[in-house]
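> Quick one: the structure is below, and I'll ask about it shortly.
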Amino acid sequence: MRTIYDRLAKDLIEVLLRPVSRAIVRELEVTAEPQRLDLFCEPDPDRVNELDGHDLLSRIVAEGPCAFEFFHQPPSLEEVTRSLRKVLALRHSAQPSRDATLWIVSSGRPSRVFVKLPSFKPLAGWPAGVYAMDPGLRVRVIVIGDLPRSRSTLLFRLLGAGRTLGEALQELDGLPREDPLFGAASAVMIEWLLDRDAADTQRFKELLMLERYEKWRKETLEIGKAEGKAEGRAEGEAEGKREAVIAVLRARSISVDGVTVERIRRCSDVAELDRWLVRAVTAKRATDIFE
């Protein structure tokens, strides 16, 4: 059974890849016997440059179709070979993008795998923490804990564990609120926290997500109060959510016209705003949030 970290990885990477992809599929079934790759992306070459600011992810998709397998704990040799079997099945299937490269993303170094598969070596020209085996197999491993601490690797370090994750969250919190990565990451976290059916609240505490989200929520409330728009606690909460909806759309580079802004800012129903906030995470147009 895959964990909450697997869900986080798929949610966050999918949100960022969707605008620049011709096709993106979760739990892609690749054989008659159910085998599912965590995430598959067929990028649109004409739109890959829209990932500006996500340098590592941008380089991955610039190489063409890619399949991702996410591991919060370092994978075993069996898990790596199982992932390889999935992508080999894809390459031998009728799928149009059979030449996909497999990217195994692990929070820690799979040392035993590297011992058993010594052809894994640091990938020349890529940041530390990116490894590849024989070129013909097109199998690569990203060891999140080995990545350099820079803005270009922050997206992947947010999928890490322990100290790596803690430092990444601090860096995320320090980004300008208009930064696209802050918008995407916080939007995914907000969507999770608004999912009343999720049973993962305690796990969020392990990730420090709840504490961070509460800080971001309070910041938006304070903005509303500073503008003199908050009238009591309920109105203050609604104002924060209104501004969050607009901020998420703009952070995802979605055009928000004056009519849409006015409709959002007229709404005082917190439950309705919650729904709009969730839809803003995946909306293709601003007006999609109302549907």
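Note on naming: chains are A, B, ... as they come in the structure tokens, residues start from 1 per chain, ligands start from 1 in the order shown.
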Assign secondary structure with DSSP using the backbone only, and return the residues of region 57-147 of chain A in alpha helix (DSSP H) as a ChimeraX atom specification.
/A:57-62,77-91,111-116
> Measure the distance from CA of Leu51 (chain A) to CA of Pro19 (chain A) in Å and round it to one decimal.
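Those two atoms sit 8.9 Å apart.
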> Write out as a PDB file with C-alpha atoms, in the first residue's frame all residues of region 44-184 of chain A that backbone DSSP assigns to strand (DSSP E).

```pdb
ATOM      1  CA  CYS A  66       8.638  10.335 -18.712  1.00  0.00           C
ATOM      2  CA  ALA A  67       7.317   7.877 -16.162  1.00  0.00           C
ATOM      3  CA  PHE A  68       7.696   8.533 -12.424  1.00  0.00           C
ATOM      4  CA  GLU A  69       7.807   6.132  -9.492  1.00  0.00           C
ATOM      5  CA  PHE A  70       7.901   7.813  -6.051  1.00  0.00           C
ATOM      6  CA  PHE A  71       9.368   6.279  -2.885  1.00  0.00           C
ATOM      7  CA  THR A 101      12.322   7.365 -19.524  1.00  0.00           C
ATOM      8  CA  LEU A 102      11.775   5.940 -16.035  1.00  0.00           C
ATOM      9  CA  TRP A 103      12.497   8.344 -13.173  1.00  0.00           C
ATOM     10  CA  ILE A 104      12.663   6.738  -9.732  1.00  0.00           C
ATOM     11  CA  VAL A 105      12.349   9.456  -7.085  1.00  0.00           C
ATOM     12  CA  SER A 106      13.545   8.429  -3.619  1.00  0.00           C
ATOM     13  CA  LYS A 121      26.494   6.350 -11.713  1.00  0.00           C
ATOM     14  CA  PRO A 122      26.067  10.115 -11.229  1.00  0.00           C
ATOM     15  CA  VAL A 130      20.761  12.341 -10.130  1.00  0.00           C
ATOM     16  CA  TYR A 131      21.949   8.875 -11.169  1.00  0.00           C
ATOM     17  CA  ALA A 132      21.609   6.798 -14.326  1.00  0.00           C
ATOM     18  CA  VAL A 139      16.376   4.423 -16.058  1.00  0.00           C
ATOM     19  CA  ARG A 140      17.334   7.212 -13.683  1.00  0.00           C
ATOM     20  CA  VAL A 141      17.194   7.751  -9.941  1.00  0.00           C
ATOM     21  CA  ILE A 142      16.779  11.056  -8.113  1.00  0.00           C
ATOM     22  CA  VAL A 143      18.030  10.809  -4.529  1.00  0.00           C
TER      23      VAL A 143
END
```
> In terms of the shortest atom-to-atom distance over only C-alpha atoms, which of A:Gly183, A:Gly166, A:Pro74, A:Gly174 is closest to Arg151 (chain A)?
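Residue with the minimum atom-to-atom distance to Arg151 (chain A): A:Gly174.
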> Looking at only C-alpha atoms, which of A:Asp146, A:Glu29, A:Asp38, A:Asp134 is the one that sits closest to Thr3 (chain A)?
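Counting only C-alpha atoms, the residue closest to Thr3 (chain A) is A:Asp38.
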> Which one is closest to Val25 (chain A): A:Gly240, A:Gly258, A:Pro65, A:Gly108? Count only C-alpha atoms.
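Under the stated criterion, the closest residue is A:Pro65.
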> Just the residues within 9 Å of Leu77 (chain A), please, counting only C-alpha atoms, with nothing from its chain fewer than 3 positions along; format it as a PyMOL selection string.
chain A and resi 80-82+110+112-114+116-117
> Those selected residues, please, written with N, CA and C atoms and delivered as a compact mmCIF listing (two decimals), in the first residue's frame.

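That gives us result_21.txt:
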```
# COMPACT_ATOMS: atom_id res chain seq x y z
N VAL A 80 12.70 -1.64 -7.42
CA VAL A 80 13.29 -1.02 -8.60
C VAL A 80 13.04 -1.87 -9.84
N THR A 81 13.25 -3.18 -9.71
CA THR A 81 13.03 -4.05 -10.87
C THR A 81 11.55 -4.10 -11.25
N ARG A 82 10.67 -4.00 -10.24
CA ARG A 82 9.24 -3.96 -10.52
C ARG A 82 8.90 -2.69 -11.31
N PRO A 110 19.24 4.69 -2.20
CA PRO A 110 19.01 3.23 -2.19
C PRO A 110 20.35 2.49 -2.30
N ARG A 112 21.68 -0.27 -1.20
CA ARG A 112 21.74 -1.68 -1.57
C ARG A 112 21.47 -1.89 -3.05
N VAL A 113 20.60 -1.07 -3.60
CA VAL A 113 20.32 -1.15 -5.04
C VAL A 113 21.57 -0.76 -5.82
N PHE A 114 22.24 0.29 -5.39
CA PHE A 114 23.44 0.74 -6.08
C PHE A 114 24.56 -0.30 -6.01
N LYS A 116 23.99 -3.62 -5.82
CA LYS A 116 23.57 -4.72 -6.69
C LYS A 116 23.56 -4.32 -8.16
N LEU A 117 23.35 -3.04 -8.43
CA LEU A 117 23.33 -2.53 -9.81
C LEU A 117 24.40 -1.46 -9.94
```
> Name the closest residue to Ala283 (chain A) among the candidates A:Leu159, A:Leu249, A:Leu17, A:Thr260; distances are taken between atoms, counting only C-alpha atoms.
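Comparing A:Leu159, A:Leu249, A:Leu17, A:Thr260 against Ala283 (chain A), the winner is A:Leu249.
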> Enter the distance from CA of Arg242 (chain A) to CA of Pro180 (chain A), in Å, rounded to one decimal.
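It comes out at 18.4 Å.
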> Near Pro127 (chain A), counting only C-alpha atoms, which residues have an atom at most 9 Å away, once you skip same-chain residues fewer than 4 positions from it, shown as a PyMOL selection string?
chain A and resi 56+122-123+147-148+153
> Rounded to one decimal in Å, what is the spacing between CA of Arg18 (chain A) and CA of Val245 (chain A)?
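Spanning CA of Arg18 (chain A) to CA of Val245 (chain A) is a straight-line distance of 18.9 Å.
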> When you look at Glu63 (chain A) with a cut-off of 10 Å (counting only C-alpha atoms), what residues show up, excluding the ones that are within fewer than 2 positions of it in the same chain? I need them as a list in words.
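Neighbouring residues, sequence-local ones excluded: Pro43, Pro45, Ser58, Arg59, Ile60, Val61, Pro65, Cys66, Ala100 and Thr101 of chain A.
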> Counting only C-alpha atoms, what is within 8 Å of Ile24 (chain A), bar same-chain residues fewer than 6 positions away, as a PyMOL selection string?
chain A and resi 14+17-18+39-42
> Skip region 274-278 of chain A itself and residues of its chain fewer than 3 positions away, then list as an MDAnalysis selection string all residues within 7 Å of it, counting only C-alpha atoms.
chainID A and resid 191 245 270:271 281 289:290
> Would you save the residues from that selection as a PDB file, in the first residue's frame, using C-alpha atoms?

```pdb
ATOM      1  CA  GLU A 191      -6.734  20.980  -1.299  1.00  0.00           C
ATOM      2  CA  VAL A 245      -8.619  31.706  -4.492  1.00  0.00           C
ATOM      3  CA  VAL A 270     -16.954  30.102   3.445  1.00  0.00           C
ATOM      4  CA  ALA A 271     -18.045  26.628   2.260  1.00  0.00           C
ATOM      5  CA  VAL A 281      -5.802  23.930  -8.054  1.00  0.00           C
ATOM      6  CA  ILE A 289     -13.995  27.222 -10.383  1.00  0.00           C
ATOM      7  CA  PHE A 290     -17.686  28.137 -10.563  1.00  0.00           C
TER       8      PHE A 290
END
```
> For a quick check of understanding, using only C-alpha atoms, which of A:Val188, A:Leu57, A:Leu88, A:Leu28 has the smallest distance to Leu12 (chain A)?
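Among the listed residues, A:Val188 lies closest to Leu12 (chain A).
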